[in-house]
Amino acid sequence: MRLLKSLDESTLEHIGRELHSFATGLYSICRSITGAGNRQTLSAIRERIPLQVFEIPTGTPVFDWTVPKEWNIRDAYIKGENGMRVVDFQKSNLHVMSYSTPVQATMRLADLKPHLFTLPEHPDWIPYRTSYYRDEWGLCLSHRQMQVLEDGDYEVCIDSTLEDGSLTYGECYLPGRSSEEVFFSCHICHPSLANDNLSGLSVATFLAQLLSARNLQYSYRFLFIPGTIGAITWLAQNRDTAARIRHGVVLTCVGDSGGFHYKKSRRGDAVIDRAVAHALRHCGEPSEILEFSPYGYDERQYCSPGFNLPVGCLMRSVWGTFPEYHTSADNLDFIRPEQLAGSLRLCAEIVDVLENDRHYCSRNPYCEPQLGRRNLYRSTGGDAIGVEISARLWVLNLSDGEHSLLDIAERSGMSFSAICDAAELLSENGLLSAIPAAER
Amino acid sequence: MRLLKSLDESTLEHIGRELHSFATGLYSICRSITGAGNRQTLSAIRERIPLQVFEIPTGTPVFDWTVPKEWNIRDAYIKGENGMRVVDFQKSNLHVMSYSTPVQATMRLADLKPHLFTLPEHPDWIPYRTSYYRDEWGLCLSHRQMQVLEDGDYEVCIDSTLEDGSLTYGECYLPGRSSEEVFFSCHICHPSLANDNLSGLSVATFLAQLLSARNLQYSYRFLFIPGTIGAITWLAQNRDTAARIRHGVVLTCVGDSGGFHYKKSRRGDAVIDRAVAHALRHCGEPSEILEFSPYGYDERQYCSPGFNLPVGCLMRSVWGTFPEYHTSADNLDFIRPEQLAGSLRLCAEIVDVLENDRHYCSRNPYCEPQLGRRNLYRSTGGDAIGVEISARLWVLNLSDGEHSLLDIAERSGMSFSAICDAAELLSENGLLSAIPAAER
Amino acid sequence: MRLLKSLDESTLEHIGRELHSFATGLYSICRSITGAGNRQTLSAIRERIPLQVFEIPTGTPVFDWTVPKEWNIRDAYIKGENGMRVVDFQKSNLHVMSYSTPVQATMRLADLKPHLFTLPEHPDWIPYRTSYYRDEWGLCLSHRQMQVLEDGDYEVCIDSTLEDGSLTYGECYLPGRSSEEVFFSCHICHPSLANDNLSGLSVATFLAQLLSARNLQYSYRFLFIPGTIGAITWLAQNRDTAARIRHGVVLTCVGDSGGFHYKKSRRGDAVIDRAVAHALRHCGEPSEILEFSPYGYDERQYCSPGFNLPVGCLMRSVWGTFPEYHTSADNLDFIRPEQLAGSLRLCAEIVDVLENDRHYCSRNPYCEPQLGRRNLYRSTGGDAIGVEISARLWVLNLSDGEHSLLDIAERSGMSFSAICDAAELLSENGLLSAIPAAER
């Protein structure tokens, strides 16, 4: 199974447009860590891939946490004395602080202000704020909106409910020949934010779609969950499954125009860390590898010391480092079809490495086998050899049962793809034997 | 016990002045590897800290060496034909080569010259020379003094004695909860040299004073010894004690205006090497780490292959690299109150790391514990976290019983102090358990 | 045994001239992978060193290969219609593609051209081409020669034979105290090419000559073989001997004016890799260390996974990177006496490291021994020490049975030679005991 071979330029261009259009369809849904918006988002994903949706009841203990009440919201606004809405949830769901308790009151501006959030340094943008675990309400607005508010009485309404219900998440499981799993996780808890949320879940959805009809070595699990509490809930409910995860990636912020960043797993030298680093080195885009740190997305939970799973985090621009992060400027213009497609392509490269990495033994370990009589060498001596023959020599030299194809790609500096092609050709010619994973 | 917390700016300023004044009081004493000057120096130290003084008799075999005769000197000079002293020990004890045999003679300048030492490249400075292990006499003078000597007869006198006596050293031992030791060693064998001798013994004295009333984890041993033969003698007499040394530092040249240099122990990766490197990285002064080499101060002996103790050497400017080294220009102006205080502060940081470094286990290893409901997290979601919360996340993530606080400080890039604060707070909140050293 | 001590400047100058003259004598011989030219070359080598010549019959199976037919050639040319030779093997043996099948025909230029090889980018040079393992014939000529050929009929003759015979190689074996071997391999299969062939075999011959009357620790084996098939044949016939190789170097391209390049063995950290790197660091010429790759000279075979011998490849300019490579411009002007001598000198340094590297134990491991009373230290204290005393301190400090002299040279940054001198002096003074290899 070589995923990348099915993704030529024009296919990728087409997929890029589809990815952006998929994200566009989800943009206006008001997602949070629980609630109807998440169910609606998962329904849209289920139109593309097989998805099992789970509902975990409010109050369920999950490690040190408890599944919270379900939050739903219908409307929110601030009305001036003239009855006009000066802040209106119907225009942007970012206007309400996520998980706000319900409010219906009239109050003076001075009393209202402690509940208002703005970004003075970006006066046209609405900030994104949350208050999941303390009873609080708030409204977010642009600094310009705030500046024109005159003293007086304002009617403030947040028509939300916080009730017993459930936390909702979705899982797409694609069985492979082995029960060992490759794991992709993305969060679905942000409202109208495009890079931080929609880009990751869109690429994950399309990657699952690409993989769904394939003959897979590993089993694949795609998780669509609310951040933090979703990962904690899933881990608490799936400890046996978590133990089968061999390689994992958290996908987020993969739609903006920045180069790639990969934050390594807590282990730092897991195969997934090496596979992603290798794919990045050969992907043709700028990229940077970051050391693990315990702050970020759900790798925080997957890499907590009790689990210590080999799960890293793939991003383009790093959360918190671009000004649009957690603001209304992280919108559909901020993510681009070609960047989404490039991220999907990189994921395909990573999957290709994981699926095809194996150990071979040369069947002629003493001296080189005579490639010439098998038409696997150049014809006239004295001339240079090319990349293909070089890859064959590397594979033959390092196929001692100790080096995987990824090891060989790393040591030779050649792409995994070239090394893998060489190994397949040499195998067909009877020069290599694959070593079954069980015998290693 | 957190020593550094007791050393604020103004305290350090005060201590710096005291350190310089202490060194000033010792400057004119004529120290050597044995003799009355050393006893006098130890008496001054004993006024500040509990000090046991040992006398090891001449002739005592100490490994491949023998404790030498005791050298004492009362006067030395060269007199011209007019009876005037042209070189006078009473003006500077550097004028006599240390361990010179007694001389009383009149001789022509040509015969005298082989016994005279000057520094032509620094014509105003007197060099410092010694001749411990061969019967020899000599006088050191400035090159200008030499240049004005006219041909003629000179009376030369060195009123010294070399007799059976003893080698003198002092030990300050501060017992802690464990019999394992932290060890500081400094030499007390140089006459009027400030950076190379007085700076180290002054900082060691004041550090012992700071520690003396504390509740200590480790036991501390401060050694005030003549260089080379003193260290050899101590090691020969204290092999069992040496075996208890867990961390050690030779202190020397810590008063000049240069940045810090730390020469690693022979092991190169001992905890002391990592602790000092960490303290230097966060001390706010320029610093450099040097690899071990078998030439230098008494780390030569502590790191000899039979002992191989984890003992490095802390300096500001490195001996031999500054022109004032081993000359009369290494005087009380060459060392400064604020530099002496900064060196003491660094030692306090090192002690803090050693005293507080331990292993913890998170009591919630599966996923993060919910810091928010314990008021250990920020209040509004969506915003950045600060250093304190970041330190808590690092400590929780790496407290798997395998990582010490120093490991966590190194991996996180944060100061040991911030990591230690976080660990204490998390412990108080029941989120961490300290692992007793015995169970590791 | 310290080889380098016998090679002073003027000796080396003399040897350089001899080396070049030896190569000159072999230049015009038409060598290939088999045939009379190789025997003639080995005869010349045997005039200088004891050499056993082996003949392995055509058809002998050697791993995945078979010893090929023996190729011999008497004449080759292209004649124009006027009967004049326009290409003439008698002028340069590069004109015929090595291993060409015999031809005697008259043909039109258009039919001839597919059999002609030129270098348009270097119009005056004749390329070097081979066709060992496919029945083919060809002629190589300068591009200028080709350009003046007019349409018409040409008589083409290659008076060669391909018949059952044998593959010829030579071995020089110098027994030492141990049966473990140091191994030098060079190829003797190129016709009139100086750097790529003659430089290596000349330096190897002279190195064997230098070693031949010595009292050696290791046994030495010098192999003079045709490339690839020769190494494969030797390995197939000498698997037990190969198992005794402890350190090996392939010598090639060691006569040009470039700096040194050493390609590490497949192991990458073998003692030979460290010994060569050390010698290069201290040889006073520019040099570069290259990682192993499975393409190059016969290290390809020695480092095949079944053997994985500690054999690297020493070159000056790297094959394939200089334009003269595999052309008639790689001639006797391209190699220089002083460069050949410098390469021999480097080999001597490498041999010195291998021969003298051993482990010592300090007999005074506790503190430094008193060097002064043995006259192994400076006389006046307070002054700097020099390189010699520094080397003594390093050797004493690291002679704990765990560090070899090469380890000490590497860690101290000093030359192996200085460290070795110190160890010998300290041994003579009873301060060190050599550890017999058997006890390690």
# chains A, B, ... in the order shown; residues from 1 in each chain; ligands from 1
$ select_by_dssp --residues "stretch 163-261 of chain A" --states "alpha helix (DSSP H)" --output "ChimeraX atom specification"
/A:200-211,229-237,239-242
$ residues_around --residues "A:Leu432" --least-positions-apart "4" --cutoff "9 Å" --atoms "only C-alpha atoms" --output "PDB file with all heavy atoms, in the first residue's frame"
ATOM      1  N   TYR A 360      14.476  -6.323   6.286  1.00  0.00           N
ATOM      2  CA  TYR A 360      14.776  -7.352   5.299  1.00  0.00           C
ATOM      3  C   TYR A 360      16.120  -7.983   5.623  1.00  0.00           C
ATOM      4  O   TYR A 360      16.963  -7.379   6.302  1.00  0.00           O
ATOM      5  CB  TYR A 360      14.868  -6.737   3.901  1.00  0.00           C
ATOM      6  CG  TYR A 360      13.546  -6.329   3.309  1.00  0.00           C
ATOM      7  CD1 TYR A 360      13.051  -5.040   3.498  1.00  0.00           C
ATOM      8  CD2 TYR A 360      12.791  -7.222   2.544  1.00  0.00           C
ATOM      9  CE1 TYR A 360      11.837  -4.653   2.943  1.00  0.00           C
ATOM     10  CE2 TYR A 360      11.579  -6.840   1.982  1.00  0.00           C
ATOM     11  CZ  TYR A 360      11.098  -5.558   2.185  1.00  0.00           C
ATOM     12  OH  TYR A 360       9.922  -5.187   1.635  1.00  0.00           O
ATOM     13  N   CYS A 361      16.333  -9.165   5.108  1.00  0.00           N
ATOM     14  CA  CYS A 361      17.647  -9.786   5.134  1.00  0.00           C
ATOM     15  C   CYS A 361      18.107  -9.990   3.708  1.00  0.00           C
ATOM     16  O   CYS A 361      17.351 -10.501   2.869  1.00  0.00           O
ATOM     17  CB  CYS A 361      17.578 -11.152   5.823  1.00  0.00           C
ATOM     18  SG  CYS A 361      18.260 -11.105   7.474  1.00  0.00           S
ATOM     19  N   SER A 362      19.329  -9.578   3.440  1.00  0.00           N
ATOM     20  CA  SER A 362      19.898  -9.878   2.129  1.00  0.00           C
ATOM     21  C   SER A 362      20.092 -11.384   2.027  1.00  0.00           C
ATOM     22  O   SER A 362      20.551 -12.028   2.968  1.00  0.00           O
ATOM     23  CB  SER A 362      21.248  -9.168   1.985  1.00  0.00           C
ATOM     24  OG  SER A 362      21.915  -9.664   0.845  1.00  0.00           O
ATOM     25  N   ARG A 363      19.757 -11.948   0.884  1.00  0.00           N
ATOM     26  CA  ARG A 363      19.980 -13.386   0.699  1.00  0.00           C
ATOM     27  C   ARG A 363      21.397 -13.652   0.205  1.00  0.00           C
ATOM     28  O   ARG A 363      21.792 -14.803   0.034  1.00  0.00           O
ATOM     29  CB  ARG A 363      18.930 -13.951  -0.251  1.00  0.00           C
ATOM     30  CG  ARG A 363      17.510 -13.654   0.288  1.00  0.00           C
ATOM     31  CD  ARG A 363      16.445 -14.281  -0.545  1.00  0.00           C
ATOM     32  NE  ARG A 363      16.527 -15.751  -0.455  1.00  0.00           N
ATOM     33  CZ  ARG A 363      15.622 -16.568  -0.964  1.00  0.00           C
ATOM     34  NH1 ARG A 363      14.557 -16.066  -1.596  1.00  0.00           N
ATOM     35  NH2 ARG A 363      15.760 -17.859  -0.859  1.00  0.00           N
ATOM     36  N   ASN A 364      22.145 -12.588  -0.086  1.00  0.00           N
ATOM     37  CA  ASN A 364      23.566 -12.711  -0.458  1.00  0.00           C
ATOM     38  C   ASN A 364      24.387 -11.790   0.429  1.00  0.00           C
ATOM     39  O   ASN A 364      24.957 -10.804  -0.040  1.00  0.00           O
ATOM     40  CB  ASN A 364      23.787 -12.298  -1.917  1.00  0.00           C
ATOM     41  CG  ASN A 364      23.034 -13.176  -2.874  1.00  0.00           C
ATOM     42  OD1 ASN A 364      21.815 -13.145  -2.920  1.00  0.00           O
ATOM     43  ND2 ASN A 364      23.758 -13.976  -3.638  1.00  0.00           N
ATOM     44  N   LEU A 396      20.794  -3.331  -0.014  1.00  0.00           N
ATOM     45  CA  LEU A 396      21.526  -4.600   0.102  1.00  0.00           C
ATOM     46  C   LEU A 396      22.539  -4.543   1.242  1.00  0.00           C
ATOM     47  O   LEU A 396      22.693  -5.483   2.018  1.00  0.00           O
ATOM     48  CB  LEU A 396      22.254  -4.913  -1.212  1.00  0.00           C
ATOM     49  CG  LEU A 396      21.349  -5.392  -2.353  1.00  0.00           C
ATOM     50  CD1 LEU A 396      22.127  -5.406  -3.668  1.00  0.00           C
ATOM     51  CD2 LEU A 396      20.788  -6.787  -2.047  1.00  0.00           C
ATOM     52  N   SER A 399      20.637  -4.457   4.733  1.00  0.00           N
ATOM     53  CA  SER A 399      19.605  -5.457   5.037  1.00  0.00           C
ATOM     54  C   SER A 399      20.238  -6.652   5.739  1.00  0.00           C
ATOM     55  O   SER A 399      20.463  -7.704   5.158  1.00  0.00           O
ATOM     56  CB  SER A 399      18.870  -5.865   3.765  1.00  0.00           C
ATOM     57  OG  SER A 399      17.983  -4.834   3.393  1.00  0.00           O
ATOM     58  N   ALA A 423      13.790  -1.783  -2.355  1.00  0.00           N
ATOM     59  CA  ALA A 423      13.565  -3.016  -1.592  1.00  0.00           C
ATOM     60  C   ALA A 423      12.544  -3.897  -2.299  1.00  0.00           C
ATOM     61  O   ALA A 423      12.694  -5.126  -2.359  1.00  0.00           O
ATOM     62  CB  ALA A 423      13.104  -2.685  -0.177  1.00  0.00           C
ATOM     63  N   GLU A 424      11.518  -3.287  -2.852  1.00  0.00           N
ATOM     64  CA  GLU A 424      10.500  -4.083  -3.546  1.00  0.00           C
ATOM     65  C   GLU A 424      11.099  -4.757  -4.778  1.00  0.00           C
ATOM     66  O   GLU A 424      10.866  -5.943  -5.040  1.00  0.00           O
ATOM     67  CB  GLU A 424       9.302  -3.204  -3.907  1.00  0.00           C
ATOM     68  CG  GLU A 424       8.469  -2.864  -2.666  1.00  0.00           C
ATOM     69  CD  GLU A 424       7.333  -1.876  -2.942  1.00  0.00           C
ATOM     70  OE1 GLU A 424       7.143  -1.494  -4.118  1.00  0.00           O
ATOM     71  OE2 GLU A 424       6.651  -1.486  -1.972  1.00  0.00           O
ATOM     72  N   LEU A 426      14.282  -5.478  -5.378  1.00  0.00           N
ATOM     73  CA  LEU A 426      15.255  -6.504  -4.978  1.00  0.00           C
ATOM     74  C   LEU A 426      14.532  -7.753  -4.463  1.00  0.00           C
ATOM     75  O   LEU A 426      14.971  -8.880  -4.700  1.00  0.00           O
ATOM     76  CB  LEU A 426      16.207  -5.946  -3.915  1.00  0.00           C
ATOM     77  CG  LEU A 426      17.158  -4.845  -4.399  1.00  0.00           C
ATOM     78  CD1 LEU A 426      17.823  -4.142  -3.211  1.00  0.00           C
ATOM     79  CD2 LEU A 426      18.237  -5.396  -5.341  1.00  0.00           C
ATOM     80  N   SER A 427      13.423  -7.549  -3.767  1.00  0.00           N
ATOM     81  CA  SER A 427      12.634  -8.688  -3.292  1.00  0.00           C
ATOM     82  C   SER A 427      12.099  -9.486  -4.472  1.00  0.00           C
ATOM     83  O   SER A 427      12.181 -10.717  -4.485  1.00  0.00           O
ATOM     84  CB  SER A 427      11.451  -8.201  -2.457  1.00  0.00           C
ATOM     85  OG  SER A 427      11.887  -7.793  -1.203  1.00  0.00           O
ATOM     86  N   GLU A 428      11.549  -8.773  -5.440  1.00  0.00           N
ATOM     87  CA  GLU A 428      11.013  -9.459  -6.624  1.00  0.00           C
ATOM     88  C   GLU A 428      12.102 -10.260  -7.319  1.00  0.00           C
ATOM     89  O   GLU A 428      11.825 -11.286  -7.936  1.00  0.00           O
ATOM     90  CB  GLU A 428      10.445  -8.430  -7.617  1.00  0.00           C
ATOM     91  CG  GLU A 428       9.122  -7.828  -7.173  1.00  0.00           C
ATOM     92  CD  GLU A 428       8.845  -6.512  -7.888  1.00  0.00           C
ATOM     93  OE1 GLU A 428       9.479  -6.270  -8.946  1.00  0.00           O
ATOM     94  OE2 GLU A 428       8.004  -5.729  -7.386  1.00  0.00           O
TER      95      GLU A 428
END
$ residues_around --residues "B:Glu121" --least-positions-apart "3" --cutoff "10 Å" --atoms "only C-alpha atoms" --output "PyMOL selection string"
chain B and resi 118+124-125+143+323
$ write_last_selection --atoms "N, CA, C and O atoms" --output "mmCIF file, in the first residue's frame"
data_model
loop_
_atom_site.group_PDB
_atom_site.id
_atom_site.type_symbol
_atom_site.label_atom_id
_atom_site.label_comp_id
_atom_site.auth_asym_id
_atom_site.auth_seq_id
_atom_site.Cartn_x
_atom_site.Cartn_y
_atom_site.Cartn_z
ATOM 1 N N THR B 118 62.457 37.633 37.667
ATOM 2 C CA THR B 118 61.696 38.850 37.329
ATOM 3 C C THR B 118 60.753 38.529 36.175
ATOM 4 O O THR B 118 60.784 37.438 35.606
ATOM 5 N N ASP B 124 56.903 46.116 36.422
ATOM 6 C CA ASP B 124 56.613 46.598 37.774
ATOM 7 C C ASP B 124 56.133 45.510 38.710
ATOM 8 O O ASP B 124 55.910 45.757 39.890
ATOM 9 N N TRP B 125 55.915 44.311 38.175
ATOM 10 C CA TRP B 125 55.328 43.257 38.994
ATOM 11 C C TRP B 125 56.393 42.291 39.510
ATOM 12 O O TRP B 125 57.393 42.026 38.845
ATOM 13 N N HIS B 143 61.162 43.737 37.519
ATOM 14 C CA HIS B 143 62.231 43.876 36.542
ATOM 15 C C HIS B 143 62.913 45.234 36.657
ATOM 16 O O HIS B 143 64.118 45.374 36.443
ATOM 17 N N PRO B 323 47.115 37.901 32.992
ATOM 18 C CA PRO B 323 48.522 38.253 33.214
ATOM 19 C C PRO B 323 48.874 38.433 34.686
ATOM 20 O O PRO B 323 50.025 38.204 35.076
#
$ interface_residues --of "chain B" --to "chain A" --cutoff "8 Å" --atoms "only C-alpha atoms" --output "VMD selection string"
chain B and resid 364 to 370 372 to 373 379 to 384 390 393 to 394 397 to 400 412
$ write_last_selection --atoms "N, CA and C atoms" --output "PDB file, in the first residue's frame"
ATOM      1  N   ASN B 364      -1.339  11.243  39.953  1.00  0.00           N
ATOM      2  CA  ASN B 364      -2.331  11.133  38.883  1.00  0.00           C
ATOM      3  C   ASN B 364      -1.600  10.936  37.558  1.00  0.00           C
ATOM      4  N   PRO B 365      -0.947   9.811  37.379  1.00  0.00           N
ATOM      5  CA  PRO B 365      -0.114   9.688  36.175  1.00  0.00           C
ATOM      6  C   PRO B 365      -0.921   9.563  34.884  1.00  0.00           C
ATOM      7  N   TYR B 366      -2.217   9.188  34.998  1.00  0.00           N
ATOM      8  CA  TYR B 366      -3.012   9.017  33.783  1.00  0.00           C
ATOM      9  C   TYR B 366      -3.735  10.314  33.469  1.00  0.00           C
ATOM     10  N   CYS B 367      -3.320  10.983  32.406  1.00  0.00           N
ATOM     11  CA  CYS B 367      -3.812  12.315  32.031  1.00  0.00           C
ATOM     12  C   CYS B 367      -3.411  13.335  33.097  1.00  0.00           C
ATOM     13  N   GLU B 368      -3.585  14.598  32.730  1.00  0.00           N
ATOM     14  CA  GLU B 368      -3.284  15.648  33.702  1.00  0.00           C
ATOM     15  C   GLU B 368      -4.312  15.633  34.823  1.00  0.00           C
ATOM     16  N   PRO B 369      -3.890  15.934  36.060  1.00  0.00           N
ATOM     17  CA  PRO B 369      -4.901  16.189  37.077  1.00  0.00           C
ATOM     18  C   PRO B 369      -5.581  17.529  36.789  1.00  0.00           C
ATOM     19  N   GLN B 370      -6.777  17.692  37.337  1.00  0.00           N
ATOM     20  CA  GLN B 370      -7.512  18.929  37.062  1.00  0.00           C
ATOM     21  C   GLN B 370      -7.008  20.049  37.967  1.00  0.00           C
ATOM     22  N   GLY B 372      -7.358  23.211  37.643  1.00  0.00           N
ATOM     23  CA  GLY B 372      -8.290  24.335  37.806  1.00  0.00           C
ATOM     24  C   GLY B 372      -9.059  24.283  39.110  1.00  0.00           C
ATOM     25  N   ARG B 373      -9.615  23.110  39.440  1.00  0.00           N
ATOM     26  CA  ARG B 373     -10.435  23.058  40.665  1.00  0.00           C
ATOM     27  C   ARG B 373      -9.586  23.137  41.930  1.00  0.00           C
ATOM     28  N   SER B 379      -7.462  31.368  35.115  1.00  0.00           N
ATOM     29  CA  SER B 379      -8.915  31.403  35.288  1.00  0.00           C
ATOM     30  C   SER B 379      -9.669  31.352  33.957  1.00  0.00           C
ATOM     31  N   THR B 380      -9.265  32.111  32.945  1.00  0.00           N
ATOM     32  CA  THR B 380     -10.016  32.147  31.689  1.00  0.00           C
ATOM     33  C   THR B 380      -9.312  31.353  30.598  1.00  0.00           C
ATOM     34  N   GLY B 381     -10.023  30.429  29.980  1.00  0.00           N
ATOM     35  CA  GLY B 381      -9.443  29.626  28.916  1.00  0.00           C
ATOM     36  C   GLY B 381      -9.242  30.427  27.652  1.00  0.00           C
ATOM     37  N   GLY B 382      -8.258  30.035  26.840  1.00  0.00           N
ATOM     38  CA  GLY B 382      -8.019  30.722  25.572  1.00  0.00           C
ATOM     39  C   GLY B 382      -6.818  31.626  25.645  1.00  0.00           C
ATOM     40  N   ASP B 383      -6.430  31.975  26.854  1.00  0.00           N
ATOM     41  CA  ASP B 383      -5.271  32.853  27.076  1.00  0.00           C
ATOM     42  C   ASP B 383      -3.988  32.039  27.262  1.00  0.00           C
ATOM     43  N   ALA B 384      -2.849  32.721  27.241  1.00  0.00           N
ATOM     44  CA  ALA B 384      -1.566  32.040  27.467  1.00  0.00           C
ATOM     45  C   ALA B 384      -1.409  31.681  28.939  1.00  0.00           C
ATOM     46  N   SER B 390       3.415  26.618  33.702  1.00  0.00           N
ATOM     47  CA  SER B 390       4.250  25.800  32.834  1.00  0.00           C
ATOM     48  C   SER B 390       5.141  24.878  33.667  1.00  0.00           C
ATOM     49  N   LEU B 393       3.140  21.955  34.939  1.00  0.00           N
ATOM     50  CA  LEU B 393       2.868  20.939  33.916  1.00  0.00           C
ATOM     51  C   LEU B 393       4.108  20.088  33.655  1.00  0.00           C
ATOM     52  N   TRP B 394       5.279  20.721  33.621  1.00  0.00           N
ATOM     53  CA  TRP B 394       6.520  19.962  33.420  1.00  0.00           C
ATOM     54  C   TRP B 394       6.747  18.969  34.552  1.00  0.00           C
ATOM     55  N   ASN B 397       4.304  16.148  34.334  1.00  0.00           N
ATOM     56  CA  ASN B 397       4.516  15.265  33.184  1.00  0.00           C
ATOM     57  C   ASN B 397       5.724  14.362  33.378  1.00  0.00           C
ATOM     58  N   LEU B 398       6.758  14.870  34.019  1.00  0.00           N
ATOM     59  CA  LEU B 398       7.997  14.082  34.115  1.00  0.00           C
ATOM     60  C   LEU B 398       8.178  13.402  35.473  1.00  0.00           C
ATOM     61  N   SER B 399       7.220  13.577  36.381  1.00  0.00           N
ATOM     62  CA  SER B 399       7.355  12.911  37.685  1.00  0.00           C
ATOM     63  C   SER B 399       6.850  11.481  37.576  1.00  0.00           C
ATOM     64  N   ASP B 400       7.690  10.672  36.955  1.00  0.00           N
ATOM     65  CA  ASP B 400       7.375   9.262  36.749  1.00  0.00           C
ATOM     66  C   ASP B 400       8.328   8.394  37.560  1.00  0.00           C
ATOM     67  N   SER B 412      13.203  21.025  30.597  1.00  0.00           N
ATOM     68  CA  SER B 412      12.247  22.115  30.354  1.00  0.00           C
ATOM     69  C   SER B 412      12.936  23.411  30.001  1.00  0.00           C
TER      70      SER B 412
END
$ atom_distance --atom1 "atom CA of B:His115" --atom2 "atom CA of B:Ser142"
13.6 Å
$ residues_around --residues "stretch 37-53 of chain B" --least-positions-apart "3" --cutoff "9 Å" --atoms "only C-alpha atoms" --output "PyMOL selection string"
chain B and resi 22+25-26+29-34+72+167-174+188-189+191+201-202+205-206+208-209+212+222+224-226
$ write_last_selection --atoms "C-alpha atoms" --output "short mmCIF file (atom, residue, chain, number, x, y, z; two decimals), in the first residue's frame"
data_model
loop_
_atom_site.label_atom_id
_atom_site.label_comp_id
_atom_site.auth_asym_id
_atom_site.auth_seq_id
_atom_site.Cartn_x
_atom_site.Cartn_y
_atom_site.Cartn_z
CA PHE B 22 38.06 39.31 55.32
CA GLY B 25 42.89 40.88 56.77
CA LEU B 26 44.67 37.81 55.44
CA ILE B 29 50.33 36.72 55.93
CA CYS B 30 53.17 34.68 54.45
CA ARG B 31 51.52 31.34 53.65
CA SER B 32 53.26 28.35 52.11
CA ILE B 33 52.62 24.60 52.12
CA THR B 34 53.61 24.48 55.78
CA ASN B 72 59.23 29.33 58.41
CA LEU B 167 51.75 20.24 57.68
CA THR B 168 48.67 22.12 58.86
CA TYR B 169 45.16 22.05 57.43
CA GLY B 170 41.66 22.85 58.59
CA GLU B 171 38.33 21.11 58.19
CA CYS B 172 34.84 22.45 58.79
CA TYR B 173 32.28 19.66 58.99
CA LEU B 174 28.55 20.44 59.08
CA ILE B 188 45.67 28.26 51.66
CA CYS B 189 49.31 28.05 50.56
CA PRO B 191 51.32 34.35 50.27
CA LEU B 201 39.09 30.50 50.96
CA SER B 202 36.99 33.58 51.77
CA THR B 205 34.39 30.34 54.73
CA PHE B 206 31.32 32.49 54.17
CA ALA B 208 30.14 27.40 55.48
CA GLN B 209 28.91 30.21 57.71
CA SER B 212 26.04 26.32 59.57
CA PHE B 222 35.00 22.40 53.80
CA PHE B 224 41.34 24.51 53.84
CA ILE B 225 44.59 22.96 52.71
CA PRO B 226 47.92 23.68 51.10
#
$ decode --residues "stretch 435-439 of chain C" --atoms "N, CA, C and O atoms" --output "CSV table (one decimal), in the first residue's frame"
chain,number,residue,atom,x,y,z
C,435,ILE,N,48.8,-3.5,30.3
C,435,ILE,CA,47.9,-4.6,30.6
C,435,ILE,C,48.0,-5.5,29.3
C,435,ILE,O,47.7,-5.1,28.2
C,436,PRO,N,48.3,-6.8,29.5
C,436,PRO,CA,48.3,-7.7,28.4
C,436,PRO,C,46.9,-7.8,27.7
C,436,PRO,O,45.9,-7.8,28.4
C,437,ALA,N,46.9,-7.8,26.4
C,437,ALA,CA,45.6,-7.8,25.7
C,437,ALA,C,44.7,-8.9,26.2
C,437,ALA,O,43.5,-8.8,26.3
C,438,ALA,N,45.4,-10.0,26.5
C,438,ALA,CA,44.6,-11.2,26.9
C,438,ALA,C,43.8,-11.0,28.2
C,438,ALA,O,42.8,-11.6,28.4
C,439,GLU,N,44.3,-10.1,29.0
C,439,GLU,CA,43.6,-9.9,30.3
C,439,GLU,C,42.5,-8.8,30.2
C,439,GLU,O,41.9,-8.4,31.2
